[in-house]
>>> print(open('input04.cif').read())   # mmCIF, C-alpha atoms
data_data
#
loop_
_atom_site.label_atom_id
_atom_site.label_comp_id
_atom_site.auth_asym_id
_atom_site.auth_seq_id
_atom_site.Cartn_x
_atom_site.Cartn_y
_atom_site.Cartn_z
CA MET A 269 115.20 81.93 139.95
CA SER A 270 113.08 81.72 136.82
CA ARG A 271 113.88 85.38 136.11
CA VAL A 272 117.61 84.68 136.17
CA PHE A 273 117.11 81.76 133.79
CA LEU A 274 115.02 83.99 131.59
CA LEU A 275 117.69 86.74 131.48
CA ILE A 276 120.51 84.30 130.74
CA GLY A 277 118.38 82.28 128.31
CA LEU A 278 117.35 85.30 126.29
CA TYR A 279 120.91 86.59 126.23
CA PHE A 280 122.27 83.35 124.81
CA LEU A 281 119.32 83.07 122.48
CA THR A 282 120.17 86.50 121.06
CA LEU A 283 123.77 85.47 120.56
CA PHE A 284 122.62 82.18 119.07
CA GLN A 285 120.38 84.06 116.65
CA LEU A 286 123.13 86.47 115.78
CA GLY A 287 126.01 84.00 115.53
CA PHE A 288 124.52 80.67 114.58
CA TRP A 289 121.23 81.31 112.84
CA SER A 290 122.48 84.11 110.64
CA HIS A 291 124.31 81.38 108.68
CA LEU A 292 121.10 79.47 108.14
CA ALA A 293 119.04 82.16 106.52
CA ILE A 294 116.79 80.61 103.89
CA ASP A 295 116.51 82.89 100.89
CA GLY A 296 117.51 85.82 103.11
CA VAL A 297 114.88 85.01 105.72
CA TRP A 298 116.06 84.37 109.27
CA PRO A 299 113.93 83.62 112.33
CA ASN A 300 113.61 86.12 115.16
CA LEU A 301 114.23 83.70 118.01
CA VAL A 302 114.02 86.41 120.66
CA LEU A 303 110.58 87.49 119.44
CA LEU A 304 109.54 83.86 119.37
CA ALA A 305 110.78 83.28 122.93
CA VAL A 306 109.13 86.43 124.28
CA LEU A 307 105.83 85.50 122.65
CA LEU A 308 106.05 81.94 123.98
CA VAL A 309 106.73 83.24 127.49
CA ALA A 310 103.83 85.69 127.17
CA LEU A 311 101.52 82.92 125.98
CA SER A 312 102.57 80.28 128.48
CA SER A 313 103.28 82.19 131.69
CA LYS A 314 100.76 83.68 134.09
CA ASN A 315 103.45 85.69 135.89
CA LYS A 316 103.04 89.18 134.48
CA GLY A 317 106.32 90.35 135.96
CA LEU A 318 108.12 87.61 134.10
CA ILE A 319 106.34 88.45 130.85
CA TRP A 320 107.25 92.15 131.05
CA LEU A 321 110.79 91.32 132.05
CA ALA A 322 111.05 89.05 128.99
CA ALA A 323 109.70 91.80 126.76
CA LEU A 324 112.01 94.50 128.14
CA TRP A 325 115.13 92.34 128.26
CA GLY A 326 114.49 90.72 124.89
CA GLY A 327 113.80 94.12 123.34
CA PHE A 328 116.90 95.56 124.93
CA LEU A 329 119.08 92.75 123.59
CA LEU A 330 117.67 93.13 120.08
CA ASP A 331 118.25 96.88 120.27
CA ILE A 332 121.85 96.38 121.34
CA PHE A 333 122.80 93.60 118.95
CA TYR A 334 120.56 94.29 115.96
CA TYR A 335 119.16 97.76 115.70
CA HIS A 336 121.93 99.72 117.50
CA GLN A 337 119.23 102.01 118.78
CA ILE A 338 118.01 101.49 122.32
CA GLY A 339 114.25 101.63 122.62
CA LEU A 340 113.12 100.50 119.19
CA ALA A 341 112.59 96.82 119.98
CA ILE A 342 111.76 97.49 123.65
CA LEU A 343 108.80 99.67 122.70
CA THR A 344 107.79 97.27 119.96
CA PHE A 345 107.73 94.41 122.46
CA ILE A 346 105.81 96.51 125.00
CA ILE A 347 103.15 97.27 122.40
CA LEU A 348 102.98 93.68 121.17
CA ILE A 349 102.68 92.23 124.66
CA SER A 350 100.04 94.82 125.54
CA LEU A 351 98.08 93.93 122.41
CA LEU A 352 98.50 90.24 123.14
CA SER A 353 97.17 90.64 126.69
CA LEU A 354 94.30 92.73 125.40
CA SER A 355 93.41 90.29 122.64
CA ARG A 356 93.44 87.36 125.07
CA ARG A 357 90.90 89.14 127.24
CA PHE A 358 88.44 89.32 124.37
CA LEU A 359 89.34 86.18 122.49
CA ALA A 360 90.99 83.45 124.48
CA LEU A 361 92.43 80.90 122.11
CA GLU A 362 93.81 77.95 123.99
CA GLY A 363 95.96 74.90 123.44
CA MET A 364 98.65 74.39 120.85
CA MET A 365 96.52 75.60 117.99
CA GLY A 366 95.77 78.79 119.91
CA THR A 367 99.48 79.29 120.51
CA LEU A 368 100.22 78.84 116.83
CA ILE A 369 97.54 81.35 115.82
CA TYR A 370 98.80 83.96 118.31
CA LEU A 371 102.38 83.35 117.20
CA ALA A 372 101.45 83.75 113.57
CA VAL A 373 99.49 86.97 114.13
CA PHE A 374 102.08 88.64 116.36
CA SER A 375 105.01 87.49 114.24
CA LEU A 376 103.33 89.19 111.30
CA ALA A 377 102.63 92.27 113.40
CA TYR A 378 106.17 92.67 114.74
CA GLU A 379 107.78 94.36 111.74
CA PRO A 380 104.92 96.77 110.96
CA VAL A 381 104.77 97.83 114.61
CA ARG A 382 108.52 98.29 114.68
CA TYR A 383 108.35 100.52 111.61
CA ILE A 384 105.64 102.62 113.21
CA ILE A 385 107.72 102.92 116.39
CA SER A 386 110.72 103.94 114.32
CA PHE A 387 108.91 107.24 113.62
CA ILE A 388 109.66 108.18 117.21
CA PHE A 389 113.38 107.58 116.79
CA THR A 390 114.10 108.75 113.31
CA SER A 391 112.76 111.69 111.36
CA SER A 392 112.59 109.74 108.11
CA PRO A 393 112.07 106.03 108.72
CA VAL A 394 112.06 103.63 105.83
CA LEU A 395 108.59 102.20 105.61
CA SER A 396 109.20 99.39 103.21
CA PHE A 397 108.78 96.05 104.94
CA ASP A 398 108.81 93.10 102.64
CA LEU A 399 105.59 91.09 102.70
CA PHE A 400 107.36 87.97 101.48
CA PHE A 401 109.88 88.30 104.29
CA LEU A 402 107.12 88.70 106.87
CA VAL A 403 105.18 85.67 105.71
CA ALA A 404 108.30 83.54 105.27
CA GLN A 405 109.60 84.52 108.70
CA THR A 406 106.24 83.69 110.26
CA VAL A 407 106.22 80.28 108.60
CA TYR A 408 109.80 79.80 109.78
CA HIS A 409 108.69 80.62 113.35
CA LEU A 410 105.79 78.20 113.24
CA VAL A 411 107.96 75.39 111.91
CA LEU A 412 110.55 76.01 114.62
CA VAL A 413 107.90 75.95 117.32
CA LEU A 414 106.47 72.71 115.99
CA ILE A 415 109.96 71.17 115.95
CA PHE A 416 110.52 72.49 119.47
CA TRP A 417 107.29 70.84 120.63
CA LEU A 418 108.18 67.58 118.97
CA ILE A 419 111.57 67.54 120.69
CA LEU A 420 110.09 68.33 124.09
CA PRO A 421 108.77 65.49 126.24
CA VAL A 422 104.97 65.36 126.20
CA LYS A 423 104.50 66.60 129.77
CA PHE A 424 106.49 69.78 129.02
CA ARG A 425 104.64 70.59 125.80
CA ARG A 426 101.65 72.01 127.65
CA ILE A 427 103.91 74.45 129.47
CA PHE A 428 104.65 76.23 126.20
CA SER A 429 101.09 76.53 125.02
CA ALA A 430 98.38 79.12 125.63
CA MET B 119 93.87 101.83 143.33
CA LYS B 120 97.35 102.63 144.70
CA ASN B 121 98.73 99.63 142.83
CA ASN B 122 97.31 100.86 139.56
CA ARG B 123 98.76 104.31 140.06
CA ARG B 124 102.16 102.80 140.80
CA LYS B 125 102.01 100.74 137.66
CA TRP B 126 101.17 103.75 135.55
CA ILE B 127 104.00 105.75 137.11
CA ALA B 128 106.39 102.85 136.50
CA ALA B 129 105.26 102.54 132.91
CA VAL B 130 105.66 106.26 132.21
CA LEU B 131 109.08 106.29 133.86
CA LEU B 132 110.07 103.26 131.84
CA VAL B 133 109.04 104.86 128.55
CA MET B 134 110.89 108.05 129.51
CA LEU B 135 113.96 106.00 130.37
CA VAL B 136 113.81 104.20 127.06
CA LEU B 137 113.39 107.44 125.14
CA GLY B 138 116.19 109.04 127.14
CA LEU B 139 118.51 106.15 126.44
CA SER B 140 117.63 106.30 122.78
CA ARG B 141 118.65 109.96 122.67
CA LEU B 142 121.95 109.18 124.35
CA GLY B 143 122.65 106.44 121.83
CA ALA B 144 123.65 102.83 122.34
CA GLY B 145 127.36 103.36 121.82
CA PRO B 146 128.96 102.71 125.24
CA ILE B 147 126.38 100.13 126.35
CA GLU B 148 126.67 98.34 123.03
CA GLU B 149 130.45 98.30 123.38
CA ILE B 150 130.30 96.67 126.80
CA PHE B 151 127.86 94.02 125.62
CA TYR B 152 129.88 93.29 122.50
CA ILE B 153 133.14 92.83 124.38
CA ALA B 154 131.49 90.64 127.00
CA SER B 155 129.70 88.54 124.40
CA GLN B 156 132.59 88.10 121.99
CA PRO B 157 133.64 84.54 123.04
CA PHE B 158 130.06 83.21 122.99
CA TYR B 159 129.31 84.98 119.75
CA ARG B 160 132.41 83.47 118.13
CA PHE B 161 131.46 80.02 119.35
CA PHE B 162 127.95 80.30 117.88
CA ASP B 163 129.35 81.83 114.72
CA TYR B 164 131.72 78.88 114.35
CA LEU B 165 128.89 76.39 114.87
CA GLY B 166 126.73 78.30 112.41
CA GLY B 167 129.48 78.24 109.82
CA LYS B 168 129.86 74.49 110.23
CA ALA B 169 126.12 73.88 110.04
CA SER B 170 125.84 76.11 107.02
CA GLY B 171 128.66 74.19 105.34
CA LEU B 172 126.85 70.93 106.01
CA PHE B 173 123.56 72.23 104.63
CA GLY B 174 125.46 73.92 101.83
CA TYR B 175 126.98 70.57 100.90
CA PHE B 176 123.55 69.01 100.45
CA ARG B 177 122.28 72.11 98.69
CA ASP B 178 125.30 72.10 96.37
CA GLN B 179 124.80 68.39 95.70
CA GLN B 180 121.23 69.07 94.72
CA MET B 181 122.31 71.99 92.56
CA LEU B 182 124.98 69.84 90.89
CA ILE B 183 122.45 67.15 90.06
CA ILE B 184 120.08 69.72 88.57
CA GLU B 185 122.96 71.31 86.67
CA ARG B 186 124.13 67.90 85.40
CA ASP B 187 120.66 67.09 84.10
CA ASP B 188 120.46 70.49 82.44
CA LEU B 189 123.87 69.97 80.84
CA ALA B 190 122.93 66.50 79.61
CA ARG B 191 119.81 67.93 78.00
CA GLU B 192 121.80 70.80 76.52
CA LYS B 193 124.41 68.35 75.20
CA GLU B 194 121.74 66.33 73.44
CA GLU B 195 120.35 69.46 71.85
CA LEU B 196 123.81 70.57 70.76
CA LEU B 197 124.62 67.17 69.33
CA SER B 198 121.46 67.14 67.30
CA GLU B 199 122.23 70.66 66.10
CA LEU B 200 125.78 69.62 65.27
CA ALA B 201 124.53 66.68 63.23
CA ARG B 202 122.21 68.99 61.35
CA LEU B 203 124.95 71.54 60.79
CA SER B 204 127.43 68.94 59.61
CA ASP B 205 124.86 67.84 57.05
CA TYR B 206 124.48 71.42 55.91
CA CYS B 207 128.24 71.83 55.83
CA LEU B 208 128.68 68.71 53.72
CA GLU B 209 125.98 69.78 51.34
CA LYS B 210 127.48 73.26 51.12
CA ASP B 211 130.94 71.86 50.35
CA GLU B 212 129.55 69.56 47.72
CA LEU B 213 127.57 72.38 46.20
CA ALA B 214 130.63 74.58 46.16
CA GLU B 215 132.60 71.78 44.58
CA VAL B 216 130.03 71.37 41.86
CA LEU B 217 129.78 75.03 41.11
CA GLY B 218 133.31 76.14 41.67
CA THR B 219 135.65 73.71 39.93
CA GLU B 220 135.69 75.36 36.57
CA SER B 221 134.92 78.91 35.75
CA ASP B 222 132.52 78.10 32.93
CA GLU B 223 130.64 75.72 35.20
CA LEU B 224 129.70 78.57 37.48
CA ASP B 225 126.77 79.14 35.19
CA TRP B 226 125.34 75.72 35.90
CA ARG B 227 122.03 75.63 37.64
CA VAL B 228 121.76 72.61 39.82
CA MET B 229 119.30 71.09 42.23
CA MET B 230 120.50 68.99 45.05
CA GLY B 231 118.62 65.89 46.07
CA LYS B 232 119.12 62.89 48.27
CA ILE B 233 119.05 59.27 47.23
CA THR B 234 115.95 57.77 48.80
CA TYR B 235 115.87 54.35 47.19
CA VAL B 236 118.14 52.13 45.08
CA ASN B 237 116.88 49.48 42.69
CA ALA B 238 120.11 47.85 41.60
CA SER B 239 118.43 45.00 39.79
CA GLN B 240 116.69 47.42 37.45
CA ASP B 241 119.49 49.98 37.38
CA TRP B 242 117.69 52.97 38.76
CA ILE B 243 117.64 54.98 41.94
CA MET B 244 115.11 57.37 43.40
CA ILE B 245 115.85 60.88 44.61
CA ASN B 246 113.73 63.20 46.72
CA LEU B 247 113.18 65.83 44.06
CA GLY B 248 110.19 65.80 41.78
CA ARG B 249 107.92 67.74 39.51
CA ARG B 250 107.19 70.35 42.14
CA ASP B 251 110.92 71.08 42.29
CA GLY B 252 111.17 71.57 38.57
CA VAL B 253 112.74 68.24 37.70
CA GLU B 254 112.25 67.11 34.12
CA THR B 255 112.86 63.88 32.31
CA GLY B 256 116.23 63.66 30.60
CA GLN B 257 118.17 65.98 32.88
CA PRO B 258 121.67 64.72 33.71
CA VAL B 259 122.41 63.71 37.27
CA ILE B 260 125.91 64.03 38.72
CA THR B 261 127.72 63.76 42.02
CA SER B 262 129.68 66.49 43.76
CA ASN B 263 132.85 65.16 42.07
CA HIS B 264 131.42 65.65 38.61
CA VAL B 265 130.80 61.94 38.20
CA LEU B 266 127.90 61.22 35.92
CA ALA B 267 125.32 59.08 37.68
CA GLY B 268 122.73 58.90 34.95
CA ARG B 269 119.75 60.73 33.66
CA VAL B 270 116.32 61.55 35.07
CA GLY B 271 113.69 59.04 33.96
CA GLN B 272 110.19 59.03 35.32
CA VAL B 273 109.34 62.18 37.30
CA TYR B 274 106.78 62.11 40.10
CA GLU B 275 105.36 64.93 42.17
CA ARG B 276 107.85 64.66 45.03
CA GLN B 277 110.49 62.31 43.68
CA ALA B 278 112.14 61.25 40.50
CA GLU B 279 113.70 58.15 39.06
CA VAL B 280 117.29 58.37 37.92
CA LYS B 281 118.30 55.85 35.28
CA LEU B 282 121.87 54.80 35.89
CA LEU B 283 124.47 54.48 33.17
CA SER B 284 123.92 50.73 33.28
CA HIS B 285 120.21 51.10 32.57
CA ALA B 286 119.16 49.59 29.23
CA ASP B 287 117.86 52.97 28.06
CA SER B 288 121.13 54.73 28.75
CA LEU B 289 123.34 55.86 25.92
CA VAL B 290 126.14 58.33 26.52
CA LYS B 291 128.73 59.67 24.17
CA VAL B 292 132.12 59.29 25.83
CA LYS B 293 135.74 59.93 25.07
CA THR B 294 139.06 59.04 26.58
CA VAL B 295 141.07 61.58 28.45
CA ASP B 296 143.75 62.28 25.91
CA VAL B 297 145.09 64.95 23.63
CA SER B 298 143.54 63.12 20.69
CA PRO B 299 140.74 61.22 22.42
CA ALA B 300 138.98 58.13 21.17
CA VAL B 301 135.27 58.75 21.01
CA SER B 302 132.38 56.32 21.16
CA PHE B 303 129.06 55.52 22.83
CA LEU B 304 128.57 53.87 26.18
CA GLN B 305 125.53 51.64 26.26
CA GLY B 306 123.74 50.42 29.37
CA LYS B 307 123.16 46.68 29.34
CA GLY B 308 121.23 46.21 32.57
CA GLY B 309 122.44 44.23 35.58
CA LEU B 310 124.86 47.06 36.38
CA ARG B 311 126.78 46.45 33.18
CA THR B 312 127.91 49.13 30.77
CA VAL B 313 129.58 48.44 27.49
CA LEU B 314 131.36 50.72 25.14
CA GLN B 315 130.84 49.70 21.53
CA SER B 316 132.50 50.92 18.45
CA ALA B 317 132.57 49.84 14.83
CA ASP B 318 136.02 51.27 14.42
CA LEU B 319 138.57 48.73 15.55
CA THR B 320 141.38 51.15 15.13
CA GLN B 321 140.21 53.35 17.96
CA ASP B 322 142.66 53.33 20.78
CA PHE B 323 140.56 52.06 23.69
CA LYS B 324 142.53 50.08 26.20
CA VAL B 325 142.11 48.75 29.70
CA GLY B 326 142.58 51.45 32.33
CA ASP B 327 141.41 54.30 30.16
CA ASP B 328 139.24 56.81 31.91
CA LEU B 329 136.14 57.95 30.09
CA VAL B 330 134.44 61.31 30.23
CA THR B 331 131.37 62.65 28.50
CA ASP B 332 131.55 64.25 25.11
CA VAL B 333 129.06 66.79 23.83
CA PHE B 334 126.23 65.13 21.99
CA ARG B 335 122.93 66.86 21.21
CA ASP B 336 123.33 68.89 24.38
CA GLU B 337 122.33 65.89 26.44
CA TYR B 338 125.29 66.22 28.80
CA PRO B 339 127.94 68.80 29.46
CA ALA B 340 131.40 67.77 28.36
CA ASN B 341 134.03 66.19 30.59
CA LEU B 342 131.85 64.63 33.23
CA LEU B 343 133.55 61.57 34.66
CA VAL B 344 131.92 58.38 33.46
CA GLY B 345 134.00 55.31 34.19
CA GLN B 346 137.07 53.24 33.49
CA ILE B 347 137.59 50.56 30.91
CA VAL B 348 138.18 47.21 32.57
CA GLN B 349 138.11 44.91 29.56
CA VAL B 350 138.44 45.38 25.80
CA GLU B 351 137.36 42.89 23.14
CA ARG B 352 137.89 43.34 19.44
CA ASP B 353 135.81 41.18 17.13
CA GLU B 354 137.69 41.17 13.84
CA VAL B 355 135.04 39.13 12.04
CA ARG B 356 132.18 41.48 12.82
CA SER B 357 134.55 44.43 13.00
CA MET B 358 133.29 45.38 16.40
CA LEU B 359 135.03 46.66 19.46
CA ALA B 360 133.39 46.09 22.83
CA ALA B 361 134.81 47.36 26.12
CA GLN B 362 133.48 46.65 29.58
CA VAL B 363 133.35 49.88 31.58
CA MET B 364 133.19 50.19 35.33
CA PRO B 365 131.23 53.40 36.13
CA PHE B 366 132.78 55.77 38.64
CA PHE B 367 129.42 56.35 40.23
CA ASP B 368 128.92 54.25 43.36
CA TRP B 369 125.54 54.77 45.04
CA SER B 370 126.72 53.05 48.20
CA THR B 371 129.10 55.91 48.97
CA GLU B 372 126.98 58.81 47.77
CA ARG B 373 124.15 60.48 49.58
CA ASN B 374 123.54 63.60 47.57
CA LEU B 375 123.10 63.98 43.86
CA PHE B 376 122.80 67.04 41.67
CA ILE B 377 120.42 67.46 38.80
CA LEU B 378 121.74 69.77 36.12
CA GLU B 379 118.89 72.07 35.19
CA ASP B 380 120.89 74.27 32.92
CA PHE B 381 124.43 73.80 31.65
#
>>> encode(input="input04.cif", output="structure tokens")
Amino acid sequence: MSRVFLLIGLYFLTLFQLGFWSHLAIDGVWPNLVLLAVLLVALSSKNKGLIWLAALWGGFLLDIFYYHQIGLAILTFIILISLLSLSRRFLALEGMMGTLIYLAVFSLAYEPVRYIISFIFTSSPVLSFDLFFLVAQTVYHLVLVLIFWLILPVKFRRIFSA
Amino acid sequence: MKNNRRKWIAAVLLVMLVLGLSRLGAGPIEEIFYIASQPFYRFFDYLGGKASGLFGYFRDQQMLIIERDDLAREKEELLSELARLSDYCLEKDELAEVLGTESDELDWRVMMGKITYVNASQDWIMINLGRRDGVETGQPVITSNHVLAGRVGQVYERQAEVKLLSHADSLVKVKTVDVSPAVSFLQGKGGLRTVLQSADLTQDFKVGDDLVTDVFRDEYPANLLVGQIVQVERDEVRSMLAAQVMPFFDWSTERNLFILEDF
């Protein structure tokens, strides 16, 4: 049941990001809600199947609606989730602060990893990610998560933390 | 062990599938997703547009306030510049008037100064030109309309005293504006009074006559406006003619004066 919710939720989240949030770009910076949702699922869930499903489905949706190239975001998410699992084995940061730190690190890592992956798909990828954009988007993500936590009832807040 | 092997096989197959799909391109799959998602996308797009308009309204308000403040500041700067320029313009016009009325007056060398102080009880005014500007005692002082104001008295470093025509030390040779003018001397009597005196009763001075300067020891250039006769008295016994003259120069309406350096 939770998998169906996840599939539908991520689908609508992608459309929400594409349709609604594209209007609310601040200085050309928009949040990657799908990345945020996948990372939150990866940080909060212990069901590995659910985490990988979120990564594959979220990546697929981003590929379809954003990059028009199937595989780019899927592989990026696979690598990010693998790195996240690996990092949590060696350094387990817990609680809300831990979640925020993981979110910040992997939000920053998303674009560079995607550019590296793009080597596989294109012969001449453009390796020019904007540092300002990365930092601003990460801040945007953290603010959204904090707002999300504030909106949530207290007993549900722990669900979405590491 | 078997589980691990399965996972690895699944992972490799997955990566191959992804790479295979990427080679095929996202065209048909993308198309299906787009068509299916169109209504939801439009709905979110509509909401986004509305939200953006709302935020845009506040953003625009903020921008308008900032712009208004900027404009107010700019207006103040422009007004102050305008005031300064209008002063320059006025001075330029007056200067042009002084220099350009008559062709022979183009050779005049003048210095323009501003009235800084008026001592009406002692018949002198102060202007903001002094020794450092080359002002010398005795130089005539006129207005832009060629009205004689007086003559430079005491000169200080940065300012100079101008003795008005009504000053007790003032003596100007004047004549009426006529084909055969009556000529005499205008004497300052203090208390803003000027009197024209003549020992020749036959001279045709009458009330309403305008007086201009006449050349006398190169003290003044000729034909500077001096004043108008307001009262004439003829003393037959002492054979003296005395006429009260109202000077044309009015310090209350003038701001700039011109010192004639060379004429």
>>> atom_distance(input="input04.cif", atom1="CA of Ser170 in chain B", atom2="CA of Leu275 in chain A")
27.9 Å
>>> closest_residue(input="input04.cif", among="B:Pro157, B:Gly167, B:Gly308, B:Pro339", to="chain A", atoms="only C-alpha atoms")
B:Gly167
>>> interface_residues(input="input04.cif", of="chain B", to="chain A", cutoff="8 Å", atoms="only C-alpha atoms", output="PDB file with C-alpha atoms, in the coordinates of the input")
ATOM      1  CA  VAL B 133     109.040 104.860 128.550  1.00  0.00           C
ATOM      2  CA  VAL B 136     113.810 104.200 127.060  1.00  0.00           C
ATOM      3  CA  LEU B 137     113.390 107.440 125.140  1.00  0.00           C
ATOM      4  CA  LEU B 139     118.510 106.150 126.440  1.00  0.00           C
ATOM      5  CA  SER B 140     117.630 106.300 122.780  1.00  0.00           C
ATOM      6  CA  GLY B 143     122.650 106.440 121.830  1.00  0.00           C
ATOM      7  CA  ALA B 144     123.650 102.830 122.340  1.00  0.00           C
ATOM      8  CA  GLY B 145     127.360 103.360 121.820  1.00  0.00           C
ATOM      9  CA  ILE B 147     126.380 100.130 126.350  1.00  0.00           C
ATOM     10  CA  GLU B 148     126.670  98.340 123.030  1.00  0.00           C
ATOM     11  CA  PHE B 151     127.860  94.020 125.620  1.00  0.00           C
ATOM     12  CA  TYR B 152     129.880  93.290 122.500  1.00  0.00           C
ATOM     13  CA  SER B 155     129.700  88.540 124.400  1.00  0.00           C
ATOM     14  CA  PHE B 158     130.060  83.210 122.990  1.00  0.00           C
ATOM     15  CA  TYR B 159     129.310  84.980 119.750  1.00  0.00           C
ATOM     16  CA  ARG B 160     132.410  83.470 118.130  1.00  0.00           C
ATOM     17  CA  PHE B 161     131.460  80.020 119.350  1.00  0.00           C
ATOM     18  CA  PHE B 162     127.950  80.300 117.880  1.00  0.00           C
ATOM     19  CA  ASP B 163     129.350  81.830 114.720  1.00  0.00           C
ATOM     20  CA  TYR B 164     131.720  78.880 114.350  1.00  0.00           C
ATOM     21  CA  LEU B 165     128.890  76.390 114.870  1.00  0.00           C
ATOM     22  CA  GLY B 166     126.730  78.300 112.410  1.00  0.00           C
ATOM     23  CA  GLY B 167     129.480  78.240 109.820  1.00  0.00           C
ATOM     24  CA  ALA B 169     126.120  73.880 110.040  1.00  0.00           C
ATOM     25  CA  SER B 170     125.840  76.110 107.020  1.00  0.00           C
TER      26      SER B 170
END
>>> residues_around(input="input04.cif", residues="range 209-215 of chain B", least_positions_apart="3", cutoff="10 Å", atoms="only C-alpha atoms", output="MDAnalysis selection string")
chainID B and resid 203:206 218:220 224 228:231 261:264 373:376
>>> residues_around(input="input04.cif", residues="range 356-362 of chain B", least_positions_apart="5", cutoff="10 Å", atoms="only C-alpha atoms", output="list in words")
Leu304, Gln305, Arg311, Thr312, Val313, Leu314, Gln315, Ser316, Ala317, Asp318, Leu319, Thr320, Gln321, Phe323, Lys324, Val325, Gly345, Gln346, Ile347, Val348, Gln349, Val350 and Glu351 of chain B
>>> residues_near_point(input="input04.cif", point="(99.7, 91.0, 117.6)", cutoff="8 Å", atoms="only C-alpha atoms", output="MDAnalysis selection string")
chainID A and resid 348:349 351:352 370 373:378
>>> write_last_selection(input="input04.cif", atoms="C-alpha atoms", output="PDB file, in the coordinates of the input")
ATOM      1  CA  LEU A 348     102.980  93.680 121.170  1.00  0.00           C
ATOM      2  CA  ILE A 349     102.680  92.230 124.660  1.00  0.00           C
ATOM      3  CA  LEU A 351      98.080  93.930 122.410  1.00  0.00           C
ATOM      4  CA  LEU A 352      98.500  90.240 123.140  1.00  0.00           C
ATOM      5  CA  TYR A 370      98.800  83.960 118.310  1.00  0.00           C
ATOM      6  CA  VAL A 373      99.490  86.970 114.130  1.00  0.00           C
ATOM      7  CA  PHE A 374     102.080  88.640 116.360  1.00  0.00           C
ATOM      8  CA  SER A 375     105.010  87.490 114.240  1.00  0.00           C
ATOM      9  CA  LEU A 376     103.330  89.190 111.300  1.00  0.00           C
ATOM     10  CA  ALA A 377     102.630  92.270 113.400  1.00  0.00           C
ATOM     11  CA  TYR A 378     106.170  92.670 114.740  1.00  0.00           C
TER      12      TYR A 378
END
>>> residues_around(input="input04.cif", residues="Val413 in chain A", least_positions_apart="4", cutoff="9 Å", atoms="all atoms listed in the file", output="CSV table (one decimal) with C-alpha atoms, keeping the file's coordinate frame")
chain,number,residue,atom,x,y,z
A,304,LEU,CA,109.5,83.9,119.4
A,368,LEU,CA,100.2,78.8,116.8
A,408,TYR,CA,109.8,79.8,109.8
A,409,HIS,CA,108.7,80.6,113.4
A,417,TRP,CA,107.3,70.8,120.6
A,418,LEU,CA,108.2,67.6,119.0
>>> closest_residue(input="input04.cif", among="B:Ile184, B:Ala190, B:Ala340, B:Ile150", to="Val265 in chain B", atoms="all atoms listed in the file")
B:Ala340
>>> atom_distance(input="input04.cif", atom1="CA of Asp188 in chain B", atom2="CA of Arg202 in chain B")
21.2 Å
>>> closest_residue(input="input04.cif", among="A:Ala360, A:Ile294, A:Ala305, A:Leu402", to="Phe416 in chain A", atoms="only C-alpha atoms")
A:Ala305
>>> residues_around(input="input04.cif", residues="Ile377 in chain B", least_positions_apart="5", cutoff="12 Å", atoms="all atoms listed in the file", output="PyMOL selection string")
chain B and resi 213+216+226-233+245-248+251-262+264-271+278-280+338
>>> resolve_selection(input="input04.cif", expression="the PyMOL selection byres ((chain B and resi 239) around 12)", output="VMD selection string")
chain B and resid 236 to 238 240 to 243 281 to 282 284 to 286 307 to 311
>>> atom_distance(input="input04.cif", atom1="CA of Leu361 in chain A", atom2="CA of Leu307 in chain A")
14.2 Å
>>> resolve_selection(input="input04.cif", expression="the PyMOL selection byres ((chain A and resi 308) around 10)", output="PyMOL selection string")
chain A and resi 302-307+309-313+319+367-368+370-371+413+427-430
